[in-house]
Each structure stands twice: as C-alpha cells, then as structure tokens.
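For reference, coords-v6.cif (mmCIF, C-alpha atoms):
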data_model
#
loop_
_atom_site.group_PDB
_atom_site.id
_atom_site.type_symbol
_atom_site.label_atom_id
_atom_site.label_comp_id
_atom_site.auth_asym_id
_atom_site.auth_seq_id
_atom_site.Cartn_x
_atom_site.Cartn_y
_atom_site.Cartn_z
ATOM 1 C CA MET A 1 15.678 25.842 -37.706
ATOM 2 C CA THR A 2 15.345 22.081 -37.288
ATOM 3 C CA THR A 3 12.258 20.333 -38.561
ATOM 4 C CA MET A 4 11.046 16.948 -37.411
ATOM 5 C CA SER A 5 9.449 14.698 -39.951
ATOM 6 C CA PHE A 6 7.767 11.371 -39.533
ATOM 7 C CA ALA A 7 7.259 8.546 -41.947
ATOM 8 C CA PRO A 8 4.163 9.303 -44.075
ATOM 9 C CA ASN A 9 2.860 5.751 -43.613
ATOM 10 C CA PHE A 10 3.048 5.865 -39.814
ATOM 11 C CA LYS A 11 0.410 3.667 -38.188
ATOM 12 C CA PRO A 12 0.130 2.974 -34.444
ATOM 13 C CA ARG A 13 0.654 -0.653 -33.448
ATOM 14 C CA ASN A 14 -2.095 -2.717 -31.828
ATOM 15 C CA ALA A 15 -4.606 0.112 -31.385
ATOM 16 C CA PRO A 16 -7.055 -0.946 -28.656
ATOM 17 C CA ALA A 17 -10.768 -0.320 -28.472
ATOM 18 C CA ALA A 18 -11.868 3.180 -27.558
ATOM 19 C CA ILE A 19 -12.750 4.273 -24.047
ATOM 20 C CA PRO A 20 -16.531 4.120 -23.509
ATOM 21 C CA ASP A 21 -18.132 7.584 -23.848
ATOM 22 C CA GLY A 22 -19.327 7.584 -20.234
ATOM 23 C CA ALA A 23 -15.785 6.953 -18.965
ATOM 24 C CA LYS A 24 -14.318 9.949 -20.794
ATOM 25 C CA ASN A 25 -16.161 12.368 -18.524
ATOM 26 C CA LEU A 26 -15.058 10.907 -15.202
ATOM 27 C CA PRO A 27 -13.782 13.496 -12.727
ATOM 28 C CA ALA A 28 -10.038 13.554 -12.044
ATOM 29 C CA ARG A 29 -10.533 12.261 -8.494
ATOM 30 C CA GLN A 30 -13.024 9.614 -7.568
ATOM 31 C CA THR A 31 -14.164 8.686 -4.102
ATOM 32 C CA SER A 32 -12.920 5.354 -2.917
ATOM 33 C CA SER A 33 -16.388 3.783 -2.990
ATOM 34 C CA ARG A 34 -16.677 0.285 -4.372
ATOM 35 C CA ASP A 35 -19.052 1.476 -7.141
ATOM 36 C CA ASN A 36 -16.585 4.072 -8.456
ATOM 37 C CA ALA A 37 -13.719 1.586 -8.299
ATOM 38 C CA ALA A 38 -15.806 -0.962 -10.196
ATOM 39 C CA ASN A 39 -16.611 1.682 -12.835
ATOM 40 C CA LEU A 40 -12.921 2.475 -13.341
ATOM 41 C CA VAL A 41 -12.033 -1.214 -13.427
ATOM 42 C CA SER A 42 -14.606 -1.927 -16.133
ATOM 43 C CA SER A 43 -14.118 1.315 -18.110
ATOM 44 C CA PHE A 44 -10.353 1.613 -18.087
ATOM 45 C CA GLY A 45 -9.120 -1.885 -17.247
ATOM 46 C CA MET A 46 -7.435 -0.737 -14.032
ATOM 47 C CA THR A 47 -7.616 -3.192 -11.187
ATOM 48 C CA GLU A 48 -9.140 -2.380 -7.844
ATOM 49 C CA GLU A 49 -5.766 -3.242 -6.270
ATOM 50 C CA VAL A 50 -4.232 -0.228 -8.041
ATOM 51 C CA LEU A 51 -7.133 2.063 -7.201
ATOM 52 C CA GLN A 52 -6.961 1.155 -3.510
ATOM 53 C CA ALA A 53 -3.202 1.786 -3.297
ATOM 54 C CA ILE A 54 -2.729 5.295 -4.713
ATOM 55 C CA PRO A 55 -4.940 8.403 -5.067
ATOM 56 C CA HIS A 56 -4.230 8.911 -8.788
ATOM 57 C CA ARG A 57 -7.194 8.630 -11.157
ATOM 58 C CA PRO A 58 -7.666 8.960 -14.918
ATOM 59 C CA PRO A 59 -6.564 10.837 -16.828
ATOM 60 C CA PHE A 60 -3.420 10.831 -14.666
ATOM 61 C CA LEU A 61 -3.262 7.192 -13.608
ATOM 62 C CA PHE A 62 -0.613 5.308 -15.564
ATOM 63 C CA ILE A 63 -0.819 1.840 -13.999
ATOM 64 C CA ASP A 64 -3.472 -0.683 -15.036
ATOM 65 C CA LYS A 65 -2.540 -3.644 -12.886
ATOM 66 C CA VAL A 66 -0.015 -5.165 -10.518
ATOM 67 C CA VAL A 67 1.570 -8.184 -12.173
ATOM 68 C CA GLU A 68 3.813 -9.300 -9.316
ATOM 69 C CA THR A 69 4.853 -8.057 -5.886
ATOM 70 C CA ARG A 70 8.280 -8.985 -4.556
ATOM 71 C CA ASP A 71 10.073 -8.340 -1.259
ATOM 72 C CA ASN A 72 12.215 -5.632 -2.862
ATOM 73 C CA GLY A 73 9.972 -4.380 -5.646
ATOM 74 C CA ILE A 74 6.968 -4.672 -7.907
ATOM 75 C CA VAL A 75 6.056 -5.371 -11.522
ATOM 76 C CA CYS A 76 3.087 -3.499 -13.030
ATOM 77 C CA SER A 77 1.679 -2.948 -16.498
ATOM 78 C CA ARG A 78 0.006 -0.147 -18.443
ATOM 79 C CA ALA A 79 -1.633 -0.246 -21.882
ATOM 80 C CA PHE A 80 -1.625 3.104 -23.681
ATOM 81 C CA ARG A 81 -4.984 3.563 -25.412
ATOM 82 C CA ALA A 82 -5.074 5.198 -28.838
ATOM 83 C CA ASP A 83 -7.715 7.742 -27.777
ATOM 84 C CA GLU A 84 -5.785 9.242 -24.857
ATOM 85 C CA LYS A 85 -5.873 13.034 -25.164
ATOM 86 C CA PHE A 86 -2.123 13.660 -24.990
ATOM 87 C CA TYR A 87 -1.650 11.903 -28.342
ATOM 88 C CA GLU A 88 -3.540 14.750 -30.037
ATOM 89 C CA GLY A 89 -0.585 17.069 -29.415
ATOM 90 C CA HIS A 90 2.300 14.596 -29.058
ATOM 91 C CA TYR A 91 2.508 14.430 -32.062
ATOM 92 C CA PRO A 92 -0.330 15.167 -34.524
ATOM 93 C CA ASN A 93 -0.454 12.463 -37.226
ATOM 94 C CA ALA A 94 2.448 10.601 -35.561
ATOM 95 C CA PRO A 95 1.435 9.900 -31.931
ATOM 96 C CA LEU A 96 4.183 8.973 -29.480
ATOM 97 C CA THR A 97 3.865 8.429 -25.727
ATOM 98 C CA PRO A 98 5.687 11.263 -23.909
ATOM 99 C CA GLY A 99 8.756 10.123 -21.970
ATOM 100 C CA VAL A 100 7.631 12.055 -18.912
ATOM 101 C CA LEU A 101 4.497 9.858 -18.760
ATOM 102 C CA LEU A 102 6.634 6.729 -18.958
ATOM 103 C CA CYS A 103 8.594 8.097 -15.983
ATOM 104 C CA GLU A 104 5.340 8.827 -14.157
ATOM 105 C CA SER A 105 4.202 5.232 -14.658
ATOM 106 C CA VAL A 106 7.400 4.064 -12.940
ATOM 107 C CA PHE A 107 6.889 6.510 -10.059
ATOM 108 C CA GLN A 108 3.288 5.377 -9.596
ATOM 109 C CA ALA A 109 4.387 1.725 -9.552
ATOM 110 C CA ALA A 110 6.891 2.637 -6.826
ATOM 111 C CA ALA A 111 4.166 4.352 -4.791
ATOM 112 C CA ILE A 112 1.997 1.223 -5.069
ATOM 113 C CA PHE A 113 4.939 -0.882 -3.888
ATOM 114 C CA LEU A 114 5.546 1.311 -0.839
ATOM 115 C CA VAL A 115 1.865 1.250 0.128
ATOM 116 C CA LYS A 116 1.663 -2.536 -0.239
ATOM 117 C CA LYS A 117 4.914 -2.946 1.725
ATOM 118 C CA ALA A 118 3.641 -0.771 4.581
ATOM 119 C CA ARG A 119 0.305 -2.577 4.718
ATOM 120 C CA ALA A 120 2.043 -5.971 4.772
ATOM 121 C CA SER A 121 4.251 -4.863 7.680
ATOM 122 C CA GLY A 122 1.252 -3.590 9.666
ATOM 123 C CA ASP A 123 2.437 0.047 9.612
ATOM 124 C CA ALA A 124 -0.784 1.762 10.754
ATOM 125 C CA ASP A 125 0.773 5.249 10.545
ATOM 126 C CA PHE A 126 1.472 4.763 6.855
ATOM 127 C CA ALA A 127 -2.072 5.937 6.023
ATOM 128 C CA LYS A 128 -1.059 9.345 7.378
ATOM 129 C CA ARG A 129 1.755 9.655 4.808
ATOM 130 C CA THR A 130 1.926 9.798 1.051
ATOM 131 C CA PRO A 131 4.857 8.911 -1.252
ATOM 132 C CA VAL A 132 6.164 12.025 -3.040
ATOM 133 C CA LEU A 133 8.850 12.138 -5.721
ATOM 134 C CA CYS A 134 11.924 14.033 -4.552
ATOM 135 C CA ARG A 135 14.753 13.005 -6.899
ATOM 136 C CA ILE A 136 15.232 11.791 -10.469
ATOM 137 C CA GLU A 137 18.592 10.549 -11.729
ATOM 138 C CA ASN A 138 19.915 8.955 -14.883
ATOM 139 C CA ALA A 139 16.734 8.760 -16.940
ATOM 140 C CA LYS A 140 17.601 6.908 -20.131
ATOM 141 C CA PHE A 141 15.049 6.529 -22.891
ATOM 142 C CA LYS A 142 15.849 3.471 -24.965
ATOM 143 C CA GLY A 143 12.789 3.025 -27.177
ATOM 144 C CA MET A 144 9.451 4.480 -28.168
ATOM 145 C CA VAL A 145 5.959 3.600 -26.990
ATOM 146 C CA PHE A 146 3.069 4.076 -29.398
ATOM 147 C CA PRO A 147 -0.715 4.084 -28.971
ATOM 148 C CA GLY A 148 -1.874 0.526 -28.402
ATOM 149 C CA ASP A 149 1.406 -0.576 -26.805
ATOM 150 C CA GLU A 150 1.523 -2.128 -23.355
ATOM 151 C CA ILE A 151 4.522 -1.564 -21.115
ATOM 152 C CA LEU A 152 5.793 -3.711 -18.283
ATOM 153 C CA ILE A 153 7.175 -1.667 -15.384
ATOM 154 C CA GLU A 154 9.634 -3.104 -12.880
ATOM 155 C CA VAL A 155 10.606 -1.152 -9.772
ATOM 156 C CA LYS A 156 13.200 -2.164 -7.184
ATOM 157 C CA GLU A 157 13.976 -0.635 -3.817
ATOM 158 C CA ILE A 158 17.706 0.055 -3.543
ATOM 159 C CA GLU A 159 17.838 1.421 0.001
ATOM 160 C CA LYS A 160 15.926 3.363 2.629
ATOM 161 C CA LEU A 161 17.504 6.277 4.467
ATOM 162 C CA SER A 162 15.355 8.088 7.033
ATOM 163 C CA GLY A 163 12.054 8.686 5.241
ATOM 164 C CA PHE A 164 13.582 8.416 1.756
ATOM 165 C CA TYR A 165 13.319 5.401 -0.514
ATOM 166 C CA TYR A 166 15.966 5.154 -3.241
ATOM 167 C CA MET A 167 14.697 3.103 -6.147
ATOM 168 C CA SER A 168 15.376 2.018 -9.706
ATOM 169 C CA GLY A 169 12.849 1.482 -12.440
ATOM 170 C CA ASN A 170 12.721 -0.116 -15.858
ATOM 171 C CA ALA A 171 9.966 -0.093 -18.452
ATOM 172 C CA SER A 172 9.854 -2.417 -21.426
ATOM 173 C CA CYS A 173 7.555 -2.830 -24.410
ATOM 174 C CA ALA A 174 7.280 -6.147 -26.273
ATOM 175 C CA GLY A 175 10.338 -7.371 -24.345
ATOM 176 C CA LYS A 176 12.520 -4.412 -25.361
ATOM 177 C CA PRO A 177 13.685 -1.732 -22.894
ATOM 178 C CA VAL A 178 12.151 1.721 -23.301
ATOM 179 C CA LEU A 179 13.171 3.423 -20.037
ATOM 180 C CA GLN A 180 15.716 3.041 -17.239
ATOM 181 C CA ILE A 181 15.637 5.469 -14.314
ATOM 182 C CA LYS A 182 16.815 5.944 -10.737
ATOM 183 C CA PHE A 183 14.786 8.066 -8.333
ATOM 184 C CA ALA A 184 13.819 8.654 -4.715
ATOM 185 C CA LEU A 185 10.477 8.993 -2.978
ATOM 186 C CA ALA A 186 9.935 10.648 0.386
ATOM 187 C CA MET A 187 7.130 9.781 2.758
ATOM 188 C CA LEU A 188 5.414 13.051 3.694
ATOM 189 C CA GLU A 189 2.672 13.487 6.250
ATOM 190 C CA LYS A 190 -0.689 14.384 4.761
ATOM 191 C CA LYS A 191 -2.031 17.768 5.782
#
Take the structure I supplied and represent it as structure tokens, if you would.
Amino acid sequence: MTTMSFAPNFKPRNAPAAIPDGAKNLPARQTSSRDNAANLVSSFGMTEEVLQAIPHRPPFLFIDKVVETRDNGIVCSRAFRADEKFYEGHYPNAPLTPGVLLCESVFQAAAIFLVKKARASGDADFAKRTPVLCRIENAKFKGMVFPGDEILIEVKEIEKLSGFYYMSGNASCAGKPVLQIKFALAMLEKK
C-alpha cells in the first residue's frame, strides 16, 4: 500500500478573501438577467463578458475574465479561492487544485473563444449551437496550483474540420507552466 504524505508546514500561497455568505448559496444556473450577472461579477469577480459567453455558473465556472482575444485564440484568467468546496476533499490539510478542473478551465476558455469568434463573424445560427468537448489528447501536468493562485489560460485554434475545432491549451501560474493539452470541441445543435 502506498501512502501519500505532505509537508507538515504546508500553507496555501496568497489565500484570497472568502466568498461572501450570500454568494455561496447561488443556484448552479442563473438566468441571464443583468441583475444576476452583476451579482456574480461582484461576488465572484467574474466579468459579465464571461457570463454572457457560456452557460456555466458557479460552482462550475472556471474562468474569471478574458484577458485578450486574438484571431486564433484567447487568453483568460482564473483565481482559485481558498474556500472552494473541492479543496475540502482534495486534499484535507494539503489542498491542491484538481488537474481535471485545470483542464476544464482550458475547455471553458475555448468555448468563450468560439462564441466570441462566431459573434464577430455575424454567425446568427451560432446561438442554436453549443460547444461540447469531444476529444482530449496529450494532457501534461507540469506544476501544481494551490488555493489563492491565479492561472493564465491560453487557447489556440489549430484547425477546423466540419463542425469540429481542434485546439491547444496552456495554463500557467506565476509565469510557470502547469498544464499543456490538445483537445477538440464540436458544435452541437441545442435541443
């Protein structure tokens, strides 16, 4: 049997302020009203630009803001708050951001990019479709992300074939790489 042990003096870096009590009880999906968006912006630090682009909402929204939009990609950021529930079990007394959530932040950044790209091109039918993950390749975890850390997420479109967008993503923390991944999103019609 293998046992994992952590340094007894482990302390999360840069722990941010706690989420306001009223924000902890927000439903998983909010309506797109301006009041609800403003509440999420003020409570969680997410920008309205993010909230307007994808349907994800806390506790499963892993993008805070769009830093830069490019012709072939996007740069976004996400600060991981010390009081996020998943840290209670991953791991007790030594919290570490799960790699799958780092991947999800990259996928959400890609979805934001595709929505912004479609809107910029005037694709009116795009509202009838939603980006859905259909392939993950070559996920490489290169560093750890702790409570209080902020990651920078960079996504690039590699190519488009039919309704599939092949993309690459990188996440970094304090200038150091933490994740590299290749993946594909499909555009599926909403039912």
Next item on the list: Please identify all polymer residues within 8 Å of stretch 164-173 of chain A, counting only C-alpha atoms, omitting same-chain residues fewer than 6 positions from it, and present them as number ranges by chain.
Entry: A: 102, 106, 110, 145, 149-158, 179-187
Margin query: To one decimal place in Å, what is the distance between atom CA of A:Glu88 and atom CA of A:Ala174?
Written below: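 Computed distance, atom CA of A:Glu88 to atom CA of A:Ala174, equals 23.8 Å.
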Checklist line | Close residues, stretch 55-71 of chain A itself excluded, 6 Å, all atoms listed in the file, min 3 positions apart in chain, as a ChimeraX atom specification | finding: /A:28-29,46-47,74-78,105
Excluding A:Phe86 and its own-chain neighbours fewer than 4 positions away, which residues fall within 12 Å of it when counting only C-alpha atoms? Please give them as a CSV table (one decimal) with C-alpha atoms, in the frame of the given file.
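Saved file selection-v4.csv follows:
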chain,number,residue,atom,x,y,z
A,59,PRO,CA,-6.6,10.8,-16.8
A,60,PHE,CA,-3.4,10.8,-14.7
A,80,PHE,CA,-1.6,3.1,-23.7
A,81,ARG,CA,-5.0,3.6,-25.4
A,82,ALA,CA,-5.1,5.2,-28.8
A,90,HIS,CA,2.3,14.6,-29.1
A,91,TYR,CA,2.5,14.4,-32.1
A,92,PRO,CA,-0.3,15.2,-34.5
A,94,ALA,CA,2.4,10.6,-35.6
A,95,PRO,CA,1.4,9.9,-31.9
A,96,LEU,CA,4.2,9.0,-29.5
A,97,THR,CA,3.9,8.4,-25.7
A,98,PRO,CA,5.7,11.3,-23.9
A,99,GLY,CA,8.8,10.1,-22.0
A,100,VAL,CA,7.6,12.1,-18.9
A,101,LEU,CA,4.5,9.9,-18.8
A,146,PHE,CA,3.1,4.1,-29.4
A,147,PRO,CA,-0.7,4.1,-29.0
Next item on the list: Using atom CA of A:Ala53 and atom CA of A:Lys142 as the two end points, give the distance in Å to one decimal.
Entry: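 It comes out at 28.9 Å.
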Check: By how many Å are atom CA of A:Pro177 and atom CA of A:Phe113 apart?
Finding: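 Between atom CA of A:Pro177 and atom CA of A:Phe113 the gap works out to 20.9 Å.
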Could you model N, CA, C and O atoms for stretch 111-132 of chain A and present them as a JSON list (two decimals), keeping the file's coordinate frame?
[["chain", "number", "residue", "atom", "x", "y", "z"],
["A", 111, "ALA", "N", 5.09, 3.95, -5.86],
["A", 111, "ALA", "CA", 4.17, 4.35, -4.79],
["A", 111, "ALA", "C", 3.28, 3.17, -4.39],
["A", 111, "ALA", "O", 3.04, 2.94, -3.20],
["A", 112, "ILE", "N", 2.81, 2.41, -5.36],
["A", 112, "ILE", "CA", 2.00, 1.22, -5.07],
["A", 112, "ILE", "C", 2.81, 0.24, -4.25],
["A", 112, "ILE", "O", 2.33, -0.33, -3.26],
["A", 113, "PHE", "N", 4.07, 0.03, -4.63],
["A", 113, "PHE", "CA", 4.94, -0.88, -3.89],
["A", 113, "PHE", "C", 5.09, -0.45, -2.43],
["A", 113, "PHE", "O", 4.96, -1.26, -1.52],
["A", 114, "LEU", "N", 5.35, 0.83, -2.21],
["A", 114, "LEU", "CA", 5.55, 1.31, -0.84],
["A", 114, "LEU", "C", 4.28, 1.16, 0.00],
["A", 114, "LEU", "O", 4.34, 0.79, 1.18],
["A", 115, "VAL", "N", 3.13, 1.42, -0.59],
["A", 115, "VAL", "CA", 1.86, 1.25, 0.13],
["A", 115, "VAL", "C", 1.65, -0.22, 0.48],
["A", 115, "VAL", "O", 1.29, -0.56, 1.61],
["A", 116, "LYS", "N", 1.85, -1.10, -0.49],
["A", 116, "LYS", "CA", 1.66, -2.54, -0.24],
["A", 116, "LYS", "C", 2.65, -3.05, 0.81],
["A", 116, "LYS", "O", 2.30, -3.85, 1.67],
["A", 117, "LYS", "N", 3.89, -2.54, 0.76],
["A", 117, "LYS", "CA", 4.91, -2.95, 1.72],
["A", 117, "LYS", "C", 4.52, -2.51, 3.14],
["A", 117, "LYS", "O", 4.64, -3.28, 4.09],
["A", 118, "ALA", "N", 4.04, -1.29, 3.27],
["A", 118, "ALA", "CA", 3.64, -0.77, 4.58],
["A", 118, "ALA", "C", 2.44, -1.54, 5.13],
["A", 118, "ALA", "O", 2.41, -1.89, 6.31],
["A", 119, "ARG", "N", 1.48, -1.81, 4.27],
["A", 119, "ARG", "CA", 0.30, -2.58, 4.72],
["A", 119, "ARG", "C", 0.71, -3.98, 5.17],
["A", 119, "ARG", "O", 0.19, -4.48, 6.17],
["A", 120, "ALA", "N", 1.60, -4.61, 4.43],
["A", 120, "ALA", "CA", 2.04, -5.97, 4.77],
["A", 120, "ALA", "C", 2.78, -6.00, 6.10],
["A", 120, "ALA", "O", 2.73, -7.00, 6.82],
["A", 121, "SER", "N", 3.49, -4.90, 6.43],
["A", 121, "SER", "CA", 4.25, -4.86, 7.68],
["A", 121, "SER", "C", 3.39, -4.40, 8.87],
["A", 121, "SER", "O", 3.86, -4.37, 10.00],
["A", 122, "GLY", "N", 2.13, -4.03, 8.60],
["A", 122, "GLY", "CA", 1.25, -3.59, 9.67],
["A", 122, "GLY", "C", 1.49, -2.16, 10.11],
["A", 122, "GLY", "O", 1.10, -1.77, 11.21],
["A", 123, "ASP", "N", 2.14, -1.35, 9.29],
["A", 123, "ASP", "CA", 2.44, 0.05, 9.61],
["A", 123, "ASP", "C", 1.15, 0.88, 9.55],
["A", 123, "ASP", "O", 0.75, 1.36, 8.50],
["A", 124, "ALA", "N", 0.49, 1.04, 10.69],
["A", 124, "ALA", "CA", -0.78, 1.76, 10.75],
["A", 124, "ALA", "C", -0.61, 3.26, 10.47],
["A", 124, "ALA", "O", -1.53, 3.90, 9.98],
["A", 125, "ASP", "N", 0.53, 3.82, 10.78],
["A", 125, "ASP", "CA", 0.77, 5.25, 10.54],
["A", 125, "ASP", "C", 0.99, 5.57, 9.07],
["A", 125, "ASP", "O", 0.99, 6.73, 8.68],
["A", 126, "PHE", "N", 1.19, 4.54, 8.26],
["A", 126, "PHE", "CA", 1.47, 4.76, 6.86],
["A", 126, "PHE", "C", 0.32, 5.50, 6.17],
["A", 126, "PHE", "O", 0.53, 6.28, 5.26],
["A", 127, "ALA", "N", -0.91, 5.27, 6.62],
["A", 127, "ALA", "CA", -2.07, 5.94, 6.02],
["A", 127, "ALA", "C", -2.00, 7.45, 6.19],
["A", 127, "ALA", "O", -2.66, 8.19, 5.46],
["A", 128, "LYS", "N", -1.19, 7.91, 7.14],
["A", 128, "LYS", "CA", -1.06, 9.35, 7.38],
["A", 128, "LYS", "C", 0.00, 9.98, 6.47],
["A", 128, "LYS", "O", 0.20, 11.18, 6.50],
["A", 129, "ARG", "N", 0.68, 9.16, 5.68],
["A", 129, "ARG", "CA", 1.76, 9.65, 4.81],
["A", 129, "ARG", "C", 1.46, 9.30, 3.35],
["A", 129, "ARG", "O", 0.72, 8.37, 3.07],
["A", 130, "THR", "N", 2.08, 10.07, 2.47],
["A", 130, "THR", "CA", 1.93, 9.80, 1.05],
["A", 130, "THR", "C", 3.31, 9.83, 0.38],
["A", 130, "THR", "O", 4.14, 10.66, 0.73],
["A", 131, "PRO", "N", 3.57, 8.91, -0.55],
["A", 131, "PRO", "CA", 4.86, 8.91, -1.25],
["A", 131, "PRO", "C", 4.92, 10.08, -2.24],
["A", 131, "PRO", "O", 4.00, 10.26, -3.03],
["A", 132, "VAL", "N", 5.99, 10.86, -2.17],
["A", 132, "VAL", "CA", 6.16, 12.02, -3.04],
["A", 132, "VAL", "C", 7.54, 11.94, -3.69],
["A", 132, "VAL", "O", 8.55, 11.70, -3.02]]
